[in-house]
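J.: Here it is, the structure, as structure tokens.
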Amino acid sequence: MNLLSQISLQECQSARQARDARFDGLFYVAVKTTGIFCRPICPANLPKEENVEYFFDKAQPLKAGYRPCLRCRPDSAPNSWAWKGVETTFLRAIKLIDQGELQSCNLDGLSQKLGISDRYLRKLFQRYLGMPPKQYALYHQLMFAKQLLHSSSMSITHIAFASGFASVRRFNDAFKQVMKLTPTQMRQKKGQPKLETNYIDLSYKGPLDWQHMLEFYRLRAVEGLEWVDKVSYQRRFNINGASGIFSIYPIRAGVMRVEFELSDHLQLQAMVNELRRMFDLDSDILAIENVFNHLSPKFIKRSGIRIPGVLSTWEGGVRAILGQQVSIKAAIGQLNLLVSHLQPEKVTHFPTPQEVSQADVSFLRMPKSRKQTLLQFAKYMQEYPEADCDTWLDIKGIGPWTIHYAKLRGASNSNCFLDGDLVVKKILKQFPELTAESVSPWGSYATFHCWSHA
């Protein structure tokens, strides 16, 4: 048994035999007789229990010599934090590696960023995963590459570089050694015609009220930057110096498709990470809603409400400042005015701190004090781009509501309960059992459910 989580062996056995979708992404099933590992929902014939081995992370069965199933595709399973509760430093290391940190620095650099020695970092990985950090990073790169081979029309060369490999030869060698197939063979086995549009499919667990999310974005869309139709959300973006545009829409229950153009495929993993966060695809919505149902059975009006994010806390902060004490319509009007003034010919990106700090914002139709707050905020973010949102309180005109809103949408923080919001205050009168303490750590979701009653 290789699970280091709250899931027991009996639960794994029962979930596998029932093909219970609630456990998809929480653990993986390796079959000793075939040398293949699967998701617990795999439709293949169920192997005997004595021929099964369980793992909680995709990298572990790869290290043990198993190759991923081509039918259920464990590379596309929803991301899961099955190790929740273990050492915080290890979780931070995992997150940084998943974001490609070891592609831009060595193990010593990652250790310094974490404030520990590289020896202790290796010790943590051996304790929780049974492998060195670099090996985990390699397996993570290979699983991402496999996902691209299945769900992208990108060339194998582009996939190699997008997955963080320095050369196609190294990619081919590593892929064949671990996956037991070459990248070309893996793609041929899919048997899918090549498409002109690059796309990648993102999985998630539980319900997702996509129409609710589209309605939220539609009311707050920036002209020339975001487009919302009946089924999809589309926007331009910049990430780590790369520019692009994406369109996201559901193709079936549990799967969102992202069509994209990206100027630098090396930033594809970073784009995927941001989109998973932005559309809240990694939350266990059923578990969150069970908490609310226990508190107040009539509170959930619409199941599947998730946090509709934006691409940065900077963007969230600007939207919050422009939305102080005004309606949504008035706030987006000011934001559109700001964006169009700074990019009069064509909107290509959300304004940067530098662009706003150097602008004459006298054209904005709002109090002078709020204009000064916007400028001071832009200057602060230009100087301290990685600053914690809580430090914004030092800026005149920024209070707790603004910070909570920025955390809510810009960082997808799960526990921003906007109980000072006028609409939320009104709804809470109907549900007195809901307080900041009782809804913690899901205050953000409680906020959106309150808004759904308005």
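Naming scheme: A, B, ... for chains in displayed order of the structure tokens; residues 1 onward per chain; ligands 1 onward as shown.
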Name all residues at most 12 Å from region 89-106 of chain A (count only C-alpha atoms; drop same-chain ones fewer than 5 positions away) and give them as an NGL selection string.
T.: :A and (57 or 59 or 79-84 or 111-118 or 120-129 or 132-144 or 161-166 or 240 or 266-274)
J.: Considering only C-alpha atoms, return as a compact mmCIF listing (two decimals) with C-alpha atoms, in the first residue's frame whatever protein or nucleic-acid residues lie within 12 Å of region 226-230 of chain A, sequence-local ones (same chain, fewer than 2 positions apart) excluded.
T.:
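Listed below is the output, result.txt:
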```
# COMPACT_ATOMS: atom_id res chain seq x y z
CA TRP A 210 -20.73 26.49 -16.29
CA GLN A 211 -23.67 28.76 -17.09
CA HIS A 212 -23.30 30.46 -13.71
CA MET A 213 -19.62 31.04 -14.43
CA LEU A 214 -20.35 32.38 -17.93
CA GLU A 215 -22.99 34.76 -16.54
CA PHE A 216 -20.49 36.06 -14.00
CA TYR A 217 -17.80 36.66 -16.64
CA ARG A 218 -20.28 38.15 -19.12
CA LEU A 219 -21.26 40.95 -16.72
CA ARG A 220 -17.61 41.82 -16.10
CA ALA A 221 -16.03 41.28 -19.53
CA VAL A 222 -13.50 43.79 -20.85
CA GLU A 223 -14.17 44.72 -24.48
CA GLY A 224 -11.46 43.49 -26.82
CA SER A 232 -17.56 29.43 -24.10
CA TYR A 233 -15.29 32.02 -22.49
CA GLN A 234 -12.41 33.46 -24.51
CA ARG A 235 -9.67 35.94 -23.62
CA ARG A 236 -6.26 37.27 -24.52
CA PHE A 237 -3.49 36.87 -21.97
CA ILE A 245 -5.45 33.66 -26.56
CA PHE A 246 -7.62 30.80 -25.31
CA SER A 247 -11.20 29.63 -25.53
CA ILE A 248 -12.61 27.24 -22.94
CA TYR A 249 -15.84 25.24 -23.04
CA PRO A 250 -17.20 21.90 -21.77
CA VAL A 310 -8.86 36.27 -13.18
CA ASN A 336 -13.31 49.46 -20.16
CA VAL A 339 -8.22 49.68 -21.01
CA VAL A 347 -6.53 45.62 -26.85
CA THR A 348 -3.88 42.91 -26.49
CA HIS A 349 -3.59 42.44 -22.72
CA PHE A 350 -4.78 43.59 -19.32
```
J.: Enumerate the residues of region 60-181 of chain A with a DSSP assignment of alpha helix (DSSP H), computed from the backbone, and present them as a count of residues only.
T.: 76
J.: Which one is closest to Thr33 (chain A): A:Glu53, A:Asp264, A:Asp394, A:Asp284? Count only C-alpha atoms.
T.: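 Of A:Glu53, A:Asp264, A:Asp394, A:Asp284, the one nearest Thr33 (chain A), counting only C-alpha atoms, is A:Glu53.
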J.: Could you give me, as an MDAnalysis selection string, the residues within 12 Å of region 290-301 of chain A, counting only C-alpha atoms and dropping anything in the same chain fewer than 3 positions from it?
T.: chainID A and resid 209 212 284:287 304:305 427:435 437:443 445:454
J.: Lys407 (chain A): which residues within 12 Å, counting only C-alpha atoms, same-chain residues fewer than 3 positions away excluded, as a VMD selection string?
T.: chain A and resid 278 307 to 320 388 to 390 392 400 to 404 410 to 418 443 to 444
J.: Write the residues you've just listed into a file as a short mmCIF file (atom, residue, chain, number, x, y, z; two decimals), in the first residue's frame, and include N, CA, C and O atoms for each of them.
T.:
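What ended up in selection_27.cif:
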```cif
data_model
loop_
_atom_site.label_atom_id
_atom_site.label_comp_id
_atom_site.auth_asym_id
_atom_site.auth_seq_id
_atom_site.Cartn_x
_atom_site.Cartn_y
_atom_site.Cartn_z
N MET A 278 -7.73 29.40 -12.44
CA MET A 278 -8.69 30.45 -12.81
C MET A 278 -10.12 29.91 -12.86
O MET A 278 -11.06 30.60 -12.44
N ILE A 307 -15.29 29.19 -8.20
CA ILE A 307 -14.75 30.55 -8.18
C ILE A 307 -14.32 30.96 -9.59
O ILE A 307 -13.40 30.36 -10.16
N PRO A 308 -14.95 31.96 -10.20
CA PRO A 308 -14.53 32.45 -11.51
C PRO A 308 -13.38 33.44 -11.35
O PRO A 308 -13.58 34.60 -11.00
N GLY A 309 -12.19 32.97 -11.58
CA GLY A 309 -11.01 33.79 -11.30
C GLY A 309 -10.59 34.70 -12.44
O GLY A 309 -11.16 34.69 -13.54
N VAL A 310 -9.57 35.50 -12.16
CA VAL A 310 -8.86 36.27 -13.18
C VAL A 310 -7.39 35.85 -13.12
O VAL A 310 -7.01 35.05 -12.27
N LEU A 311 -6.58 36.40 -14.01
CA LEU A 311 -5.24 35.84 -14.18
C LEU A 311 -4.18 36.29 -13.18
O LEU A 311 -3.07 35.79 -13.20
N SER A 312 -4.50 37.27 -12.31
CA SER A 312 -3.50 37.71 -11.34
C SER A 312 -4.16 38.50 -10.22
O SER A 312 -5.27 39.03 -10.39
N THR A 313 -3.47 38.59 -9.09
CA THR A 313 -3.98 39.43 -7.99
C THR A 313 -3.93 40.91 -8.39
O THR A 313 -4.74 41.70 -7.91
N TRP A 314 -2.98 41.28 -9.28
CA TRP A 314 -2.95 42.66 -9.79
C TRP A 314 -4.26 42.98 -10.50
O TRP A 314 -4.89 44.00 -10.23
N GLU A 315 -4.69 42.11 -11.39
CA GLU A 315 -5.95 42.34 -12.10
C GLU A 315 -7.12 42.35 -11.12
O GLU A 315 -8.02 43.20 -11.22
N GLY A 316 -7.11 41.41 -10.17
CA GLY A 316 -8.17 41.39 -9.18
C GLY A 316 -8.21 42.67 -8.37
O GLY A 316 -9.28 43.19 -8.05
N GLY A 317 -7.03 43.21 -8.03
CA GLY A 317 -6.96 44.44 -7.26
C GLY A 317 -7.50 45.63 -8.03
O GLY A 317 -8.22 46.47 -7.49
N VAL A 318 -7.15 45.74 -9.32
CA VAL A 318 -7.64 46.84 -10.15
C VAL A 318 -9.16 46.78 -10.26
O VAL A 318 -9.87 47.79 -10.10
N ARG A 319 -9.68 45.60 -10.51
CA ARG A 319 -11.14 45.44 -10.62
C ARG A 319 -11.81 45.81 -9.29
O ARG A 319 -12.88 46.42 -9.29
N ALA A 320 -11.19 45.44 -8.18
CA ALA A 320 -11.77 45.75 -6.87
C ALA A 320 -11.76 47.25 -6.60
O ALA A 320 -12.75 47.81 -6.10
N ASP A 388 2.66 40.10 -0.76
CA ASP A 388 1.42 39.51 -0.26
C ASP A 388 0.31 40.55 -0.27
O ASP A 388 0.53 41.72 0.03
N CYS A 389 -0.88 40.12 -0.63
CA CYS A 389 -2.01 41.05 -0.74
C CYS A 389 -2.27 41.82 0.55
O CYS A 389 -2.71 42.97 0.51
N ASP A 390 -2.01 41.20 1.68
CA ASP A 390 -2.29 41.86 2.96
C ASP A 390 -1.45 43.12 3.15
O ASP A 390 -1.83 44.01 3.92
N TRP A 392 -1.08 45.37 1.06
CA TRP A 392 -1.73 46.48 0.35
C TRP A 392 -2.44 47.44 1.31
O TRP A 392 -2.78 48.57 0.93
N PRO A 400 -9.94 46.06 3.71
CA PRO A 400 -10.11 44.60 3.71
C PRO A 400 -10.96 44.08 2.55
O PRO A 400 -10.66 43.03 1.99
N TRP A 401 -12.04 44.80 2.18
CA TRP A 401 -12.92 44.31 1.10
C TRP A 401 -12.13 44.19 -0.20
O TRP A 401 -12.23 43.19 -0.92
N THR A 402 -11.35 45.23 -0.53
CA THR A 402 -10.57 45.22 -1.76
C THR A 402 -9.58 44.07 -1.78
O THR A 402 -9.44 43.36 -2.78
N ILE A 403 -8.91 43.85 -0.66
CA ILE A 403 -7.93 42.77 -0.57
C ILE A 403 -8.60 41.41 -0.68
O ILE A 403 -8.12 40.52 -1.39
N HIS A 404 -9.71 41.23 -0.01
CA HIS A 404 -10.42 39.96 -0.07
C HIS A 404 -10.91 39.66 -1.48
O HIS A 404 -10.84 38.52 -1.95
N GLY A 410 -8.20 36.80 -7.88
CA GLY A 410 -6.86 36.80 -8.43
C GLY A 410 -5.98 35.66 -7.95
O GLY A 410 -5.03 35.29 -8.63
N ALA A 411 -6.29 35.11 -6.79
CA ALA A 411 -5.52 33.99 -6.25
C ALA A 411 -6.38 32.76 -6.00
O ALA A 411 -5.87 31.72 -5.58
N SER A 412 -7.69 32.88 -6.24
CA SER A 412 -8.64 31.79 -6.01
C SER A 412 -8.55 31.26 -4.59
O SER A 412 -8.65 30.06 -4.34
N ASN A 413 -8.36 32.17 -3.64
CA ASN A 413 -8.33 31.81 -2.22
C ASN A 413 -9.69 31.25 -1.82
O ASN A 413 -10.73 31.84 -2.12
N SER A 414 -9.69 30.13 -1.13
CA SER A 414 -10.95 29.44 -0.83
C SER A 414 -11.72 30.05 0.33
O SER A 414 -12.90 29.74 0.53
N ASN A 415 -11.07 30.91 1.12
CA ASN A 415 -11.71 31.34 2.37
C ASN A 415 -11.86 32.86 2.48
O ASN A 415 -11.59 33.44 3.52
N CYS A 416 -12.30 33.50 1.41
CA CYS A 416 -12.59 34.94 1.44
C CYS A 416 -14.10 35.14 1.55
O CYS A 416 -14.81 35.17 0.54
N PHE A 417 -14.57 35.24 2.75
CA PHE A 417 -16.00 35.42 2.98
C PHE A 417 -16.29 36.92 3.06
O PHE A 417 -15.92 37.58 4.03
N LEU A 418 -16.93 37.45 2.02
CA LEU A 418 -17.18 38.89 1.95
C LEU A 418 -18.45 39.25 2.72
O LEU A 418 -19.44 39.73 2.15
N GLY A 443 -15.13 30.03 2.77
CA GLY A 443 -15.83 31.31 2.75
C GLY A 443 -16.05 31.88 1.36
O GLY A 443 -17.07 32.53 1.10
N SER A 444 -15.13 31.65 0.44
CA SER A 444 -15.28 32.16 -0.93
C SER A 444 -16.50 31.54 -1.61
O SER A 444 -17.27 32.24 -2.29
#
```
J.: One decimal, Å: what's the distance from CA of Glu383 (chain A) over to CA of Leu322 (chain A), could you say?
T.: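 Taking CA of Glu383 (chain A) as the start and CA of Leu322 (chain A) as the end point, the length is 21.0 Å.
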J.: If you measure from CA of Ala330 (chain A) to CA of Tyr380 (chain A), what distance in Å do you get, rounded to one decimal?
T.: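 One can read the CA of Ala330 (chain A) to CA of Tyr380 (chain A) distance as 25.2 Å.
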J.: So that I can check the secondary structure, give me every residue of region 230-437 of chain A assigned strand (DSSP E or B) by backbone DSSP, as a list in words.
T.: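 Going through region 230-437 of chain A, the strand (DSSP E or B) residues come out as Tyr233, Gln234, Arg235, Arg236, Phe237, Asn238, Ile239, Ala242, Ser243, Gly244, Ile245, Phe246, Ser247, Ile248, Tyr249, Pro250, Ile251, Arg252, Val255, Met256, Arg257, Val258, Glu259, Phe260, Glu261 and Leu262 of chain A.
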J.: Dump N, CA and C atoms for the selected residues as a PDB file, in the first residue's frame?
T.:
```pdb
ATOM      1  N   TYR A 233     -15.952  30.793 -22.953  1.00  0.00           N
ATOM      2  CA  TYR A 233     -15.288  32.016 -22.494  1.00  0.00           C
ATOM      3  C   TYR A 233     -13.960  32.099 -23.223  1.00  0.00           C
ATOM      4  N   GLN A 234     -13.638  33.277 -23.751  1.00  0.00           N
ATOM      5  CA  GLN A 234     -12.411  33.464 -24.508  1.00  0.00           C
ATOM      6  C   GLN A 234     -11.712  34.734 -24.045  1.00  0.00           C
ATOM      7  N   ARG A 235     -10.396  34.715 -23.971  1.00  0.00           N
ATOM      8  CA  ARG A 235      -9.675  35.942 -23.624  1.00  0.00           C
ATOM      9  C   ARG A 235      -8.231  35.907 -24.103  1.00  0.00           C
ATOM     10  N   ARG A 236      -7.686  37.112 -24.239  1.00  0.00           N
ATOM     11  CA  ARG A 236      -6.261  37.274 -24.521  1.00  0.00           C
ATOM     12  C   ARG A 236      -5.526  37.285 -23.184  1.00  0.00           C
ATOM     13  N   PHE A 237      -4.246  36.909 -23.221  1.00  0.00           N
ATOM     14  CA  PHE A 237      -3.487  36.875 -21.968  1.00  0.00           C
ATOM     15  C   PHE A 237      -1.995  36.979 -22.245  1.00  0.00           C
ATOM     16  N   ASN A 238      -1.262  37.365 -21.232  1.00  0.00           N
ATOM     17  CA  ASN A 238       0.209  37.328 -21.223  1.00  0.00           C
ATOM     18  C   ASN A 238       0.636  36.517 -20.017  1.00  0.00           C
ATOM     19  N   ILE A 239       1.639  35.657 -20.199  1.00  0.00           N
ATOM     20  CA  ILE A 239       2.140  34.877 -19.079  1.00  0.00           C
ATOM     21  C   ILE A 239       3.640  34.662 -19.251  1.00  0.00           C
ATOM     22  N   ALA A 242       5.099  35.556 -22.544  1.00  0.00           N
ATOM     23  CA  ALA A 242       4.457  34.967 -23.720  1.00  0.00           C
ATOM     24  C   ALA A 242       3.035  35.508 -23.852  1.00  0.00           C
ATOM     25  N   SER A 243       2.596  35.739 -25.070  1.00  0.00           N
ATOM     26  CA  SER A 243       1.236  36.215 -25.309  1.00  0.00           C
ATOM     27  C   SER A 243       0.414  35.108 -25.942  1.00  0.00           C
ATOM     28  N   GLY A 244      -0.892  35.199 -25.770  1.00  0.00           N
ATOM     29  CA  GLY A 244      -1.738  34.170 -26.345  1.00  0.00           C
ATOM     30  C   GLY A 244      -3.204  34.496 -26.225  1.00  0.00           C
ATOM     31  N   ILE A 245      -4.003  33.551 -26.666  1.00  0.00           N
ATOM     32  CA  ILE A 245      -5.454  33.663 -26.563  1.00  0.00           C
ATOM     33  C   ILE A 245      -6.001  32.254 -26.364  1.00  0.00           C
ATOM     34  N   PHE A 246      -7.018  32.114 -25.527  1.00  0.00           N
ATOM     35  CA  PHE A 246      -7.619  30.802 -25.308  1.00  0.00           C
ATOM     36  C   PHE A 246      -9.127  30.899 -25.324  1.00  0.00           C
ATOM     37  N   SER A 247      -9.747  29.776 -25.618  1.00  0.00           N
ATOM     38  CA  SER A 247     -11.197  29.632 -25.533  1.00  0.00           C
ATOM     39  C   SER A 247     -11.466  28.350 -24.769  1.00  0.00           C
ATOM     40  N   ILE A 248     -12.333  28.416 -23.762  1.00  0.00           N
ATOM     41  CA  ILE A 248     -12.606  27.237 -22.936  1.00  0.00           C
ATOM     42  C   ILE A 248     -14.096  26.941 -22.919  1.00  0.00           C
ATOM     43  N   TYR A 249     -14.437  25.662 -23.012  1.00  0.00           N
ATOM     44  CA  TYR A 249     -15.844  25.245 -23.037  1.00  0.00           C
ATOM     45  C   TYR A 249     -15.922  23.766 -22.659  1.00  0.00           C
ATOM     46  N   PRO A 250     -17.071  23.311 -22.155  1.00  0.00           N
ATOM     47  CA  PRO A 250     -17.204  21.899 -21.771  1.00  0.00           C
ATOM     48  C   PRO A 250     -17.455  21.023 -22.992  1.00  0.00           C
ATOM     49  N   ILE A 251     -16.867  19.820 -23.011  1.00  0.00           N
ATOM     50  CA  ILE A 251     -17.158  18.873 -24.095  1.00  0.00           C
ATOM     51  C   ILE A 251     -17.938  17.670 -23.578  1.00  0.00           C
ATOM     52  N   ARG A 252     -17.843  17.426 -22.287  1.00  0.00           N
ATOM     53  CA  ARG A 252     -18.645  16.390 -21.633  1.00  0.00           C
ATOM     54  C   ARG A 252     -18.482  16.573 -20.130  1.00  0.00           C
ATOM     55  N   VAL A 255     -14.994  17.291 -18.142  1.00  0.00           N
ATOM     56  CA  VAL A 255     -13.903  17.668 -19.045  1.00  0.00           C
ATOM     57  C   VAL A 255     -14.181  19.022 -19.698  1.00  0.00           C
ATOM     58  N   MET A 256     -13.215  19.945 -19.555  1.00  0.00           N
ATOM     59  CA  MET A 256     -13.252  21.227 -20.240  1.00  0.00           C
ATOM     60  C   MET A 256     -12.190  21.211 -21.337  1.00  0.00           C
ATOM     61  N   ARG A 257     -12.547  21.706 -22.517  1.00  0.00           N
ATOM     62  CA  ARG A 257     -11.574  21.788 -23.611  1.00  0.00           C
ATOM     63  C   ARG A 257     -11.062  23.221 -23.742  1.00  0.00           C
ATOM     64  N   VAL A 258      -9.762  23.354 -23.887  1.00  0.00           N
ATOM     65  CA  VAL A 258      -9.125  24.658 -24.068  1.00  0.00           C
ATOM     66  C   VAL A 258      -8.467  24.690 -25.437  1.00  0.00           C
ATOM     67  N   GLU A 259      -8.979  25.535 -26.337  1.00  0.00           N
ATOM     68  CA  GLU A 259      -8.310  25.794 -27.603  1.00  0.00           C
ATOM     69  C   GLU A 259      -7.426  27.017 -27.385  1.00  0.00           C
ATOM     70  N   PHE A 260      -6.208  26.988 -27.931  1.00  0.00           N
ATOM     71  CA  PHE A 260      -5.288  28.070 -27.589  1.00  0.00           C
ATOM     72  C   PHE A 260      -4.303  28.383 -28.699  1.00  0.00           C
ATOM     73  N   GLU A 261      -3.807  29.603 -28.648  1.00  0.00           N
ATOM     74  CA  GLU A 261      -2.643  30.045 -29.411  1.00  0.00           C
ATOM     75  C   GLU A 261      -1.678  30.620 -28.388  1.00  0.00           C
ATOM     76  N   LEU A 262      -0.407  30.281 -28.504  1.00  0.00           N
ATOM     77  CA  LEU A 262       0.583  30.704 -27.515  1.00  0.00           C
ATOM     78  C   LEU A 262       1.894  31.011 -28.238  1.00  0.00           C
TER      79      LEU A 262
END
```
J.: Let me make sure I understand: among A:Phe171, A:Tyr54, A:Tyr204, A:Phe23, which one has the smallest atom-to-atom distance to Ile36 (chain A) if we use only C-alpha atoms?
T.: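 Of A:Phe171, A:Tyr54, A:Tyr204, A:Phe23, the one nearest Ile36 (chain A), counting only C-alpha atoms, is A:Tyr54.
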J.: May I ask which of the residues A:Ile41, A:Lys180, A:Val326, A:Gln334 is the closest one to Ala15 (chain A), counting only C-alpha atoms?
T.: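 Using only C-alpha atoms, the shortest distance to Ala15 (chain A) belongs to A:Ile41.
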J.: Taking only C-alpha atoms into account, name the residue in A:Pro351, A:Gly35, A:Gln10, A:Lys379 that is nearest to Glu49 (chain A).
T.: A:Gln10
J.: So which one's closest to Arg39 (chain A), A:Leu338, A:Ala77, A:Ala18, A:Ala160? Using only C-alpha atoms, please.
T.: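 Going through A:Leu338, A:Ala77, A:Ala18, A:Ala160 one by one, the smallest distance to Arg39 (chain A) is for A:Ala77.
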